[in-house]
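Peer 1: You'll find data_18.pdb just under this line, and it carries PDB, C-alpha atoms and all ligand atoms.
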```pdb
ATOM      1  CA  MET A   1     -14.043 263.997 -21.667  1.00  0.00           C
ATOM      2  CA  THR A   2     -17.341 265.770 -21.054  1.00  0.00           C
ATOM      3  CA  ARG A   3     -20.201 264.255 -22.946  1.00  0.00           C
ATOM      4  CA  PRO A   4     -21.865 266.645 -25.368  1.00  0.00           C
ATOM      5  CA  LEU A   5     -25.213 268.077 -24.349  1.00  0.00           C
ATOM      6  CA  VAL A   6     -27.941 267.109 -26.780  1.00  0.00           C
ATOM      7  CA  ALA A   7     -30.970 269.396 -27.081  1.00  0.00           C
ATOM      8  CA  LEU A   8     -33.927 267.877 -28.844  1.00  0.00           C
ATOM      9  CA  LEU A   9     -36.686 270.183 -29.988  1.00  0.00           C
ATOM     10  CA  SER A  10     -39.855 268.277 -30.814  1.00  0.00           C
ATOM     11  CA  GLY A  11     -42.957 269.434 -32.651  1.00  0.00           C
ATOM     12  CA  ALA A  12     -46.245 267.877 -33.686  1.00  0.00           C
ATOM     13  CA  GLY A  13     -44.562 265.535 -36.171  1.00  0.00           C
ATOM     14  CA  ILE A  14     -43.076 263.375 -33.403  1.00  0.00           C
ATOM     15  CA  SER A  15     -46.551 262.588 -32.046  1.00  0.00           C
ATOM     16  CA  THR A  16     -48.481 261.896 -35.243  1.00  0.00           C
ATOM     17  CA  ASP A  17     -47.490 258.206 -34.999  1.00  0.00           C
ATOM     18  CA  SER A  18     -49.239 258.254 -31.606  1.00  0.00           C
ATOM     19  CA  GLY A  19     -52.438 259.405 -33.295  1.00  0.00           C
ATOM     20  CA  ILE A  20     -52.268 263.052 -32.225  1.00  0.00           C
ATOM     21  CA  PRO A  21     -52.960 265.534 -35.029  1.00  0.00           C
ATOM     22  CA  ASP A  22     -51.144 268.837 -35.487  1.00  0.00           C
ATOM     23  CA  TYR A  23     -53.423 271.358 -33.779  1.00  0.00           C
ATOM     24  CA  ARG A  24     -51.268 274.419 -33.508  1.00  0.00           C
ATOM     25  CA  GLY A  25     -48.799 274.502 -36.412  1.00  0.00           C
ATOM     26  CA  PRO A  26     -49.101 276.869 -39.380  1.00  0.00           C
ATOM     27  CA  GLY A  27     -51.250 274.311 -41.235  1.00  0.00           C
ATOM     28  CA  GLY A  28     -52.720 272.879 -38.031  1.00  0.00           C
ATOM     29  CA  LEU A  29     -56.358 272.195 -37.235  1.00  0.00           C
ATOM     30  CA  TRP A  30     -56.834 275.301 -35.127  1.00  0.00           C
ATOM     31  CA  ARG A  31     -55.452 277.611 -37.778  1.00  0.00           C
ATOM     32  CA  ARG A  32     -57.739 276.176 -40.423  1.00  0.00           C
ATOM     33  CA  ASP A  33     -60.877 276.434 -38.288  1.00  0.00           C
ATOM     34  CA  PRO A  34     -61.496 279.886 -36.738  1.00  0.00           C
ATOM     35  CA  GLU A  35     -64.289 278.507 -34.535  1.00  0.00           C
ATOM     36  CA  ALA A  36     -61.974 275.840 -33.125  1.00  0.00           C
ATOM     37  CA  GLU A  37     -59.235 278.432 -32.649  1.00  0.00           C
ATOM     38  CA  LYS A  38     -61.583 280.479 -30.423  1.00  0.00           C
ATOM     39  CA  LEU A  39     -61.682 277.543 -27.979  1.00  0.00           C
ATOM     40  CA  VAL A  40     -57.972 278.019 -27.323  1.00  0.00           C
ATOM     41  CA  THR A  41     -57.834 281.812 -27.515  1.00  0.00           C
ATOM     42  CA  TYR A  42     -57.550 283.352 -24.060  1.00  0.00           C
ATOM     43  CA  GLU A  43     -59.827 286.351 -24.596  1.00  0.00           C
ATOM     44  CA  TYR A  44     -62.737 284.346 -26.060  1.00  0.00           C
ATOM     45  CA  TYR A  45     -62.313 281.637 -23.455  1.00  0.00           C
ATOM     46  CA  MET A  46     -62.444 284.049 -20.521  1.00  0.00           C
ATOM     47  CA  ASP A  47     -65.318 286.122 -21.916  1.00  0.00           C
ATOM     48  CA  ASP A  48     -67.701 283.427 -23.074  1.00  0.00           C
ATOM     49  CA  PRO A  49     -69.109 280.582 -20.923  1.00  0.00           C
ATOM     50  CA  GLU A  50     -70.356 278.838 -24.064  1.00  0.00           C
ATOM     51  CA  ILE A  51     -66.798 278.714 -25.429  1.00  0.00           C
ATOM     52  CA  ARG A  52     -65.675 277.188 -22.136  1.00  0.00           C
ATOM     53  CA  ARG A  53     -68.429 274.573 -22.201  1.00  0.00           C
ATOM     54  CA  ARG A  54     -67.417 273.580 -25.731  1.00  0.00           C
ATOM     55  CA  SER A  55     -63.748 273.501 -24.692  1.00  0.00           C
ATOM     56  CA  TRP A  56     -64.457 271.083 -21.856  1.00  0.00           C
ATOM     57  CA  GLN A  57     -66.457 268.841 -24.192  1.00  0.00           C
ATOM     58  CA  LEU A  58     -63.573 268.908 -26.672  1.00  0.00           C
ATOM     59  CA  ARG A  59     -61.087 268.002 -23.918  1.00  0.00           C
ATOM     60  CA  ARG A  60     -63.307 265.076 -22.948  1.00  0.00           C
ATOM     61  CA  ALA A  61     -63.328 263.866 -26.531  1.00  0.00           C
ATOM     62  CA  THR A  62     -59.663 264.453 -27.289  1.00  0.00           C
ATOM     63  CA  ALA A  63     -57.420 261.484 -27.778  1.00  0.00           C
ATOM     64  CA  ALA A  64     -54.301 263.139 -26.371  1.00  0.00           C
ATOM     65  CA  LEU A  65     -54.729 261.873 -22.831  1.00  0.00           C
ATOM     66  CA  ASN A  66     -55.106 258.291 -24.005  1.00  0.00           C
ATOM     67  CA  ALA A  67     -52.256 258.365 -26.517  1.00  0.00           C
ATOM     68  CA  GLU A  68     -49.167 256.198 -26.048  1.00  0.00           C
ATOM     69  CA  PRO A  69     -45.556 257.164 -26.750  1.00  0.00           C
ATOM     70  CA  ASN A  70     -44.140 255.838 -30.022  1.00  0.00           C
ATOM     71  CA  ALA A  71     -40.722 254.606 -31.144  1.00  0.00           C
ATOM     72  CA  ALA A  72     -39.373 258.149 -31.508  1.00  0.00           C
ATOM     73  CA  HIS A  73     -40.313 259.173 -27.948  1.00  0.00           C
ATOM     74  CA  ARG A  74     -38.819 255.929 -26.636  1.00  0.00           C
ATOM     75  CA  ALA A  75     -35.576 256.480 -28.560  1.00  0.00           C
ATOM     76  CA  VAL A  76     -35.126 259.888 -26.907  1.00  0.00           C
ATOM     77  CA  ALA A  77     -35.636 258.398 -23.432  1.00  0.00           C
ATOM     78  CA  GLU A  78     -33.211 255.568 -24.242  1.00  0.00           C
ATOM     79  CA  LEU A  79     -30.540 258.058 -25.291  1.00  0.00           C
ATOM     80  CA  GLU A  80     -30.914 259.801 -21.930  1.00  0.00           C
ATOM     81  CA  ARG A  81     -30.729 256.479 -20.073  1.00  0.00           C
ATOM     82  CA  SER A  82     -27.516 255.613 -21.953  1.00  0.00           C
ATOM     83  CA  GLY A  83     -25.818 258.430 -20.068  1.00  0.00           C
ATOM     84  CA  VAL A  84     -25.863 261.182 -22.676  1.00  0.00           C
ATOM     85  CA  PRO A  85     -27.049 264.506 -21.214  1.00  0.00           C
ATOM     86  CA  VAL A  86     -30.320 265.180 -23.047  1.00  0.00           C
ATOM     87  CA  ARG A  87     -32.788 268.017 -22.686  1.00  0.00           C
ATOM     88  CA  VAL A  88     -36.092 268.006 -24.526  1.00  0.00           C
ATOM     89  CA  LEU A  89     -37.689 271.273 -25.600  1.00  0.00           C
ATOM     90  CA  THR A  90     -41.134 270.439 -26.861  1.00  0.00           C
ATOM     91  CA  GLN A  91     -43.896 272.337 -28.604  1.00  0.00           C
ATOM     92  CA  ASN A  92     -46.234 269.463 -27.775  1.00  0.00           C
ATOM     93  CA  VAL A  93     -48.628 269.403 -24.840  1.00  0.00           C
ATOM     94  CA  ASP A  94     -49.218 265.640 -24.821  1.00  0.00           C
ATOM     95  CA  GLY A  95     -46.676 264.620 -22.166  1.00  0.00           C
ATOM     96  CA  LEU A  96     -45.525 261.659 -24.265  1.00  0.00           C
ATOM     97  CA  HIS A  97     -41.778 262.263 -23.739  1.00  0.00           C
ATOM     98  CA  GLN A  98     -42.273 261.825 -19.991  1.00  0.00           C
ATOM     99  CA  LEU A  99     -44.531 258.791 -20.470  1.00  0.00           C
ATOM    100  CA  ALA A 100     -41.760 257.246 -22.577  1.00  0.00           C
ATOM    101  CA  GLY A 101     -39.394 257.619 -19.632  1.00  0.00           C
ATOM    102  CA  MET A 102     -37.762 261.033 -19.942  1.00  0.00           C
ATOM    103  CA  PRO A 103     -37.395 262.550 -16.447  1.00  0.00           C
ATOM    104  CA  ALA A 104     -39.899 265.417 -16.189  1.00  0.00           C
ATOM    105  CA  ARG A 105     -37.197 267.876 -15.062  1.00  0.00           C
ATOM    106  CA  LYS A 106     -35.392 267.328 -18.377  1.00  0.00           C
ATOM    107  CA  VAL A 107     -38.451 268.182 -20.499  1.00  0.00           C
ATOM    108  CA  LEU A 108     -39.347 271.813 -21.116  1.00  0.00           C
ATOM    109  CA  GLU A 109     -42.918 272.150 -22.325  1.00  0.00           C
ATOM    110  CA  LEU A 110     -42.880 275.411 -24.280  1.00  0.00           C
ATOM    111  CA  HIS A 111     -46.648 275.371 -24.787  1.00  0.00           C
ATOM    112  CA  GLY A 112     -47.577 273.874 -21.423  1.00  0.00           C
ATOM    113  CA  THR A 113     -49.347 270.577 -20.833  1.00  0.00           C
ATOM    114  CA  ALA A 114     -52.800 269.205 -21.602  1.00  0.00           C
ATOM    115  CA  ARG A 115     -52.389 266.763 -18.711  1.00  0.00           C
ATOM    116  CA  LYS A 116     -53.028 269.453 -16.114  1.00  0.00           C
ATOM    117  CA  PHE A 117     -55.597 272.166 -15.495  1.00  0.00           C
ATOM    118  CA  VAL A 118     -54.752 275.589 -14.092  1.00  0.00           C
ATOM    119  CA  CYS A 119     -56.863 278.260 -12.402  1.00  0.00           C
ATOM    120  CA  THR A 120     -56.785 281.561 -14.273  1.00  0.00           C
ATOM    121  CA  ARG A 121     -57.160 283.470 -10.978  1.00  0.00           C
ATOM    122  CA  CYS A 122     -55.137 281.723  -8.223  1.00  0.00           C
ATOM    123  CA  HIS A 123     -52.976 279.562 -10.548  1.00  0.00           C
ATOM    124  CA  ALA A 124     -53.791 276.357  -8.653  1.00  0.00           C
ATOM    125  CA  ARG A 125     -52.997 273.326 -10.798  1.00  0.00           C
ATOM    126  CA  GLY A 126     -54.109 269.713 -10.807  1.00  0.00           C
ATOM    127  CA  PRO A 127     -54.469 266.645 -13.006  1.00  0.00           C
ATOM    128  CA  MET A 128     -56.691 267.205 -16.041  1.00  0.00           C
ATOM    129  CA  THR A 129     -58.352 263.868 -15.284  1.00  0.00           C
ATOM    130  CA  ASP A 130     -59.732 265.387 -12.038  1.00  0.00           C
ATOM    131  CA  ALA A 131     -61.320 268.300 -13.905  1.00  0.00           C
ATOM    132  CA  LEU A 132     -62.668 265.996 -16.619  1.00  0.00           C
ATOM    133  CA  ALA A 133     -64.227 263.747 -13.972  1.00  0.00           C
ATOM    134  CA  ARG A 134     -66.174 266.782 -12.743  1.00  0.00           C
ATOM    135  CA  VAL A 135     -67.323 267.520 -16.307  1.00  0.00           C
ATOM    136  CA  GLU A 136     -68.318 263.881 -16.652  1.00  0.00           C
ATOM    137  CA  ALA A 137     -70.314 264.205 -13.418  1.00  0.00           C
ATOM    138  CA  GLY A 138     -72.308 267.128 -14.800  1.00  0.00           C
ATOM    139  CA  GLU A 139     -70.344 270.349 -14.234  1.00  0.00           C
ATOM    140  CA  ASP A 140     -70.147 271.818 -17.721  1.00  0.00           C
ATOM    141  CA  ASP A 141     -67.680 274.581 -16.721  1.00  0.00           C
ATOM    142  CA  PRO A 142     -66.091 273.443 -13.439  1.00  0.00           C
ATOM    143  CA  PRO A 143     -64.808 276.373 -11.352  1.00  0.00           C
ATOM    144  CA  CYS A 144     -61.638 276.342  -9.226  1.00  0.00           C
ATOM    145  CA  LEU A 145     -62.295 274.499  -5.965  1.00  0.00           C
ATOM    146  CA  ALA A 146     -59.925 276.848  -4.126  1.00  0.00           C
ATOM    147  CA  CYS A 147     -61.136 280.262  -5.308  1.00  0.00           C
ATOM    148  CA  GLY A 148     -64.054 279.826  -7.727  1.00  0.00           C
ATOM    149  CA  GLY A 149     -61.979 281.151 -10.644  1.00  0.00           C
ATOM    150  CA  ILE A 150     -62.186 279.972 -14.244  1.00  0.00           C
ATOM    151  CA  LEU A 151     -60.213 276.793 -14.954  1.00  0.00           C
ATOM    152  CA  LYS A 152     -58.465 276.084 -18.235  1.00  0.00           C
ATOM    153  CA  SER A 153     -56.096 273.518 -19.562  1.00  0.00           C
ATOM    154  CA  ALA A 154     -52.468 274.253 -18.552  1.00  0.00           C
ATOM    155  CA  THR A 155     -51.589 274.746 -22.199  1.00  0.00           C
ATOM    156  CA  VAL A 156     -50.533 278.127 -23.549  1.00  0.00           C
ATOM    157  CA  PHE A 157     -53.551 279.609 -25.304  1.00  0.00           C
ATOM    158  CA  PHE A 158     -53.343 282.018 -28.199  1.00  0.00           C
ATOM    159  CA  GLY A 159     -53.068 285.450 -26.604  1.00  0.00           C
ATOM    160  CA  GLU A 160     -51.208 284.104 -23.571  1.00  0.00           C
ATOM    161  CA  PRO A 161     -47.480 284.650 -23.032  1.00  0.00           C
ATOM    162  CA  LEU A 162     -45.130 281.689 -22.787  1.00  0.00           C
ATOM    163  CA  ASP A 163     -43.820 280.921 -19.307  1.00  0.00           C
ATOM    164  CA  PRO A 164     -40.749 283.183 -19.025  1.00  0.00           C
ATOM    165  CA  VAL A 165     -38.909 280.658 -16.821  1.00  0.00           C
ATOM    166  CA  VAL A 166     -39.416 277.846 -19.321  1.00  0.00           C
ATOM    167  CA  LEU A 167     -38.439 280.137 -22.168  1.00  0.00           C
ATOM    168  CA  GLY A 168     -35.295 281.287 -20.337  1.00  0.00           C
ATOM    169  CA  ASP A 169     -34.249 277.705 -19.643  1.00  0.00           C
ATOM    170  CA  ALA A 170     -34.881 276.751 -23.275  1.00  0.00           C
ATOM    171  CA  LEU A 171     -32.695 279.625 -24.456  1.00  0.00           C
ATOM    172  CA  ALA A 172     -29.892 278.678 -22.059  1.00  0.00           C
ATOM    173  CA  ILE A 173     -29.981 275.059 -23.239  1.00  0.00           C
ATOM    174  CA  SER A 174     -29.996 276.122 -26.889  1.00  0.00           C
ATOM    175  CA  LYS A 175     -26.899 278.235 -26.269  1.00  0.00           C
ATOM    176  CA  ALA A 176     -25.087 275.554 -24.275  1.00  0.00           C
ATOM    177  CA  CYS A 177     -25.800 272.431 -26.319  1.00  0.00           C
ATOM    178  CA  GLN A 178     -23.335 270.852 -28.725  1.00  0.00           C
ATOM    179  CA  VAL A 179     -26.013 269.094 -30.757  1.00  0.00           C
ATOM    180  CA  PHE A 180     -29.467 270.527 -31.494  1.00  0.00           C
ATOM    181  CA  ILE A 181     -31.940 268.174 -33.147  1.00  0.00           C
ATOM    182  CA  ALA A 182     -35.230 269.617 -34.408  1.00  0.00           C
ATOM    183  CA  VAL A 183     -37.746 266.798 -34.887  1.00  0.00           C
ATOM    184  CA  GLY A 184     -41.179 267.051 -36.431  1.00  0.00           C
ATOM    185  CA  SER A 185     -41.298 270.823 -36.203  1.00  0.00           C
ATOM    186  CA  THR A 186     -41.890 273.104 -39.156  1.00  0.00           C
ATOM    187  CA  LEU A 187     -39.707 275.663 -37.311  1.00  0.00           C
ATOM    188  CA  GLN A 188     -42.211 278.329 -38.317  1.00  0.00           C
ATOM    189  CA  VAL A 189     -43.741 278.947 -34.879  1.00  0.00           C
ATOM    190  CA  GLN A 190     -41.884 280.991 -32.254  1.00  0.00           C
ATOM    191  CA  PRO A 191     -40.016 280.413 -30.071  1.00  0.00           C
ATOM    192  CA  ALA A 192     -39.081 277.079 -31.625  1.00  0.00           C
ATOM    193  CA  ALA A 193     -37.691 278.632 -34.772  1.00  0.00           C
ATOM    194  CA  ALA A 194     -35.583 281.133 -32.847  1.00  0.00           C
ATOM    195  CA  LEU A 195     -34.158 278.404 -30.619  1.00  0.00           C
ATOM    196  CA  ALA A 196     -32.793 276.496 -33.604  1.00  0.00           C
ATOM    197  CA  GLY A 197     -31.132 279.708 -34.786  1.00  0.00           C
ATOM    198  CA  VAL A 198     -29.683 280.444 -31.339  1.00  0.00           C
ATOM    199  CA  ALA A 199     -28.205 276.947 -31.157  1.00  0.00           C
ATOM    200  CA  ALA A 200     -26.622 277.268 -34.588  1.00  0.00           C
ATOM    201  CA  ASP A 201     -25.308 280.762 -33.735  1.00  0.00           C
ATOM    202  CA  HIS A 202     -23.590 279.303 -30.667  1.00  0.00           C
ATOM    203  CA  GLY A 203     -21.872 276.569 -32.590  1.00  0.00           C
ATOM    204  CA  ALA A 204     -24.175 273.583 -32.077  1.00  0.00           C
ATOM    205  CA  ARG A 205     -24.394 270.939 -34.732  1.00  0.00           C
ATOM    206  CA  LEU A 206     -27.913 271.468 -36.130  1.00  0.00           C
ATOM    207  CA  ILE A 207     -29.861 268.447 -37.332  1.00  0.00           C
ATOM    208  CA  VAL A 208     -33.345 268.803 -38.823  1.00  0.00           C
ATOM    209  CA  VAL A 209     -35.617 265.762 -38.970  1.00  0.00           C
ATOM    210  CA  ASN A 210     -38.855 266.714 -40.682  1.00  0.00           C
ATOM    211  CA  ALA A 211     -40.945 265.473 -43.589  1.00  0.00           C
ATOM    212  CA  GLU A 212     -41.293 268.960 -45.089  1.00  0.00           C
ATOM    213  CA  PRO A 213     -38.619 271.579 -45.717  1.00  0.00           C
ATOM    214  CA  THR A 214     -38.040 274.075 -42.896  1.00  0.00           C
ATOM    215  CA  PRO A 215     -36.591 277.611 -42.972  1.00  0.00           C
ATOM    216  CA  TYR A 216     -33.501 276.228 -41.175  1.00  0.00           C
ATOM    217  CA  ASP A 217     -32.584 273.477 -43.626  1.00  0.00           C
ATOM    218  CA  ASP A 218     -29.937 275.713 -45.217  1.00  0.00           C
ATOM    219  CA  ARG A 219     -28.235 276.247 -41.861  1.00  0.00           C
ATOM    220  CA  ALA A 220     -28.461 272.599 -40.820  1.00  0.00           C
ATOM    221  CA  ASP A 221     -25.444 270.303 -40.772  1.00  0.00           C
ATOM    222  CA  GLU A 222     -27.766 267.417 -41.554  1.00  0.00           C
ATOM    223  CA  VAL A 223     -31.326 267.231 -42.883  1.00  0.00           C
ATOM    224  CA  VAL A 224     -33.290 263.992 -42.555  1.00  0.00           C
ATOM    225  CA  ARG A 225     -36.501 263.557 -44.538  1.00  0.00           C
ATOM    226  CA  GLU A 226     -37.285 259.947 -43.653  1.00  0.00           C
ATOM    227  CA  PRO A 227     -40.241 259.070 -41.395  1.00  0.00           C
ATOM    228  CA  ILE A 228     -39.479 260.099 -37.800  1.00  0.00           C
ATOM    229  CA  GLY A 229     -40.455 256.726 -36.322  1.00  0.00           C
ATOM    230  CA  THR A 230     -37.549 255.028 -38.055  1.00  0.00           C
ATOM    231  CA  ALA A 231     -35.154 257.923 -38.708  1.00  0.00           C
ATOM    232  CA  LEU A 232     -34.919 259.219 -35.143  1.00  0.00           C
ATOM    233  CA  PRO A 233     -34.061 255.908 -33.416  1.00  0.00           C
ATOM    234  CA  LYS A 234     -31.360 255.367 -36.065  1.00  0.00           C
ATOM    235  CA  LEU A 235     -29.963 258.879 -35.620  1.00  0.00           C
ATOM    236  CA  LEU A 236     -29.992 258.764 -31.814  1.00  0.00           C
ATOM    237  CA  SER A 237     -28.394 255.323 -31.571  1.00  0.00           C
ATOM    238  CA  GLY A 238     -25.383 256.916 -33.267  1.00  0.00           C
ATOM    239  CA  LEU A 239     -25.151 259.424 -30.416  1.00  0.00           C
ATOM    240  CA  ALA A 240     -25.622 256.938 -27.550  1.00  0.00           C
ATOM    241  CA  ALA A 241     -22.902 256.766 -24.929  1.00  0.00           C
TER
HETATM  242 ZN    ZN B 301     -58.326 279.367  -8.182  1.00  0.00          ZN
END
```
I'd like the structure from this file rewritten - as structure tokens, please.
Ligand code: ZN

Peer 2:
Amino acid sequence: MTRPLVALLSGAGISTDSGIPDYRGPGGLWRRDPEAEKLVTYEYYMDDPEIRRRSWQLRRATAALNAEPNAAHRAVAELERSGVPVRVLTQNVDGLHQLAGMPARKVLELHGTARKFVCTRCHARGPMTDALARVEAGEDDPPCLACGGILKSATVFFGEPLDPVVLGDALAISKACQVFIAVGSTLQVQPAAALAGVAADHGARLIVVNAEPTPYDDRADEVVREPIGTALPKLLSGLAA
């Protein structure tokens, strides 16, 4: 018998136990603070060196790169290690699924990653720690070492398109999976919301694990309101091979 493919969509709620706040969600920090939102809006970032300087200082100060995976991230990696085919589609940019042990090729980062920088001109990428070391050493807006272009975090800024390859893979997985678990996502930001709908349309069992109601609760086969750190390990142990 073929083991069912489990797709797990994770949002900010899975990382709050790791001390990472919700930046991007509908009620997230960026949406509540227009000045902060400018720091992650492509047009402002490219046009204004002062915005870039503030962005680099914010990246230096951010806790995301020092955060550790929590019980929920570990439970997902354990499910994969048990032999169940698992794919993670994440709205988070913290890299904590991979740090918990999920193979990187099985994690689709819909909004990119804060652990890398990317050049806006030649698309060269590298570890964010390298760019931050240059900021630490006195470069307040470090240019690309290959072409002199503007560097940014490899996260998807407001005003930037999602990576079409990542999005295509996420759609294919949502269509193919037998179980689709949405964890810690309000399912109000695209494409996450659409993916849950696609999975349900294609016959997947839809499970929503979130503290607050989501627009997909009515379509879900199961809705879990308990804290993610305890609810998810319990739920996933029931799926383990
Ligand atoms: Zn470059």

Peer 1: Which residues fall under the PyMOL selection byres (((chain A and resi 210-221) around 10) and not hetatm) in this file, as a PDB file with C-alpha atoms, in the frame of the given file?

Peer 2:
```pdb
ATOM      1  CA  GLY A  11     -42.957 269.434 -32.651  1.00  0.00           C
ATOM      2  CA  GLY A  13     -44.562 265.535 -36.171  1.00  0.00           C
ATOM      3  CA  ILE A  14     -43.076 263.375 -33.403  1.00  0.00           C
ATOM      4  CA  PHE A 180     -29.467 270.527 -31.494  1.00  0.00           C
ATOM      5  CA  ILE A 181     -31.940 268.174 -33.147  1.00  0.00           C
ATOM      6  CA  ALA A 182     -35.230 269.617 -34.408  1.00  0.00           C
ATOM      7  CA  VAL A 183     -37.746 266.798 -34.887  1.00  0.00           C
ATOM      8  CA  GLY A 184     -41.179 267.051 -36.431  1.00  0.00           C
ATOM      9  CA  SER A 185     -41.298 270.823 -36.203  1.00  0.00           C
ATOM     10  CA  THR A 186     -41.890 273.104 -39.156  1.00  0.00           C
ATOM     11  CA  LEU A 187     -39.707 275.663 -37.311  1.00  0.00           C
ATOM     12  CA  GLN A 188     -42.211 278.329 -38.317  1.00  0.00           C
ATOM     13  CA  ALA A 193     -37.691 278.632 -34.772  1.00  0.00           C
ATOM     14  CA  ALA A 194     -35.583 281.133 -32.847  1.00  0.00           C
ATOM     15  CA  ALA A 196     -32.793 276.496 -33.604  1.00  0.00           C
ATOM     16  CA  GLY A 197     -31.132 279.708 -34.786  1.00  0.00           C
ATOM     17  CA  ALA A 200     -26.622 277.268 -34.588  1.00  0.00           C
ATOM     18  CA  ASP A 201     -25.308 280.762 -33.735  1.00  0.00           C
ATOM     19  CA  ALA A 204     -24.175 273.583 -32.077  1.00  0.00           C
ATOM     20  CA  ARG A 205     -24.394 270.939 -34.732  1.00  0.00           C
ATOM     21  CA  LEU A 206     -27.913 271.468 -36.130  1.00  0.00           C
ATOM     22  CA  ILE A 207     -29.861 268.447 -37.332  1.00  0.00           C
ATOM     23  CA  VAL A 208     -33.345 268.803 -38.823  1.00  0.00           C
ATOM     24  CA  VAL A 209     -35.617 265.762 -38.970  1.00  0.00           C
ATOM     25  CA  GLU A 222     -27.766 267.417 -41.554  1.00  0.00           C
ATOM     26  CA  VAL A 223     -31.326 267.231 -42.883  1.00  0.00           C
ATOM     27  CA  VAL A 224     -33.290 263.992 -42.555  1.00  0.00           C
ATOM     28  CA  ARG A 225     -36.501 263.557 -44.538  1.00  0.00           C
ATOM     29  CA  GLU A 226     -37.285 259.947 -43.653  1.00  0.00           C
ATOM     30  CA  PRO A 227     -40.241 259.070 -41.395  1.00  0.00           C
ATOM     31  CA  ILE A 228     -39.479 260.099 -37.800  1.00  0.00           C
ATOM     32  CA  ALA A 231     -35.154 257.923 -38.708  1.00  0.00           C
TER      33      ALA A 231
END
```

Peer 1: Ranking A:Val156, A:Gly101, A:Val118, A:Ile20 by minimum distance to Ala75 (chain A) and counting only C-alpha atoms, which one comes first?

Peer 2: A:Gly101

Peer 1: Within 8 Å of region 120-131 of chain A, counting only C-alpha atoms, which residues show up once you throw out same-chain ones fewer than 6 positions away? Write them as a PDB file with C-alpha atoms, in the frame of the given file, please.

Peer 2:
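After the write, part11.pdb holds the following:
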```pdb
ATOM      1  CA  ALA A 114     -52.800 269.205 -21.602  1.00  0.00           C
ATOM      2  CA  PRO A 142     -66.091 273.443 -13.439  1.00  0.00           C
ATOM      3  CA  CYS A 144     -61.638 276.342  -9.226  1.00  0.00           C
ATOM      4  CA  ALA A 146     -59.925 276.848  -4.126  1.00  0.00           C
ATOM      5  CA  CYS A 147     -61.136 280.262  -5.308  1.00  0.00           C
ATOM      6  CA  GLY A 149     -61.979 281.151 -10.644  1.00  0.00           C
ATOM      7  CA  ILE A 150     -62.186 279.972 -14.244  1.00  0.00           C
ATOM      8  CA  LEU A 151     -60.213 276.793 -14.954  1.00  0.00           C
ATOM      9  CA  LYS A 152     -58.465 276.084 -18.235  1.00  0.00           C
ATOM     10  CA  SER A 153     -56.096 273.518 -19.562  1.00  0.00           C
ATOM     11  CA  ALA A 154     -52.468 274.253 -18.552  1.00  0.00           C
TER      12      ALA A 154
END
```

Peer 1: Enter the distance from CA of Pro69 (chain A) to CA of Gln178 (chain A), in Å, rounded to one decimal.

Peer 2: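 Computing it gives 26.2 Å between the two atoms.
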
Peer 1: Could you tell me, as a list in words, which residues have any atom at most 10 Å from (-36.1, 255.6, -28.2), counting all atoms listed in the file?

Peer 2: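 I get Pro69, Asn70, Ala71, Ala72, His73, Arg74, Ala75, Val76, Ala77, Glu78, Leu79, Glu80, Arg81, His97, Ala100, Gly101, Gly229, Thr230, Leu232, Pro233, Lys234, Leu236 and Ser237 of chain A for the residues within 10 Å of that point.
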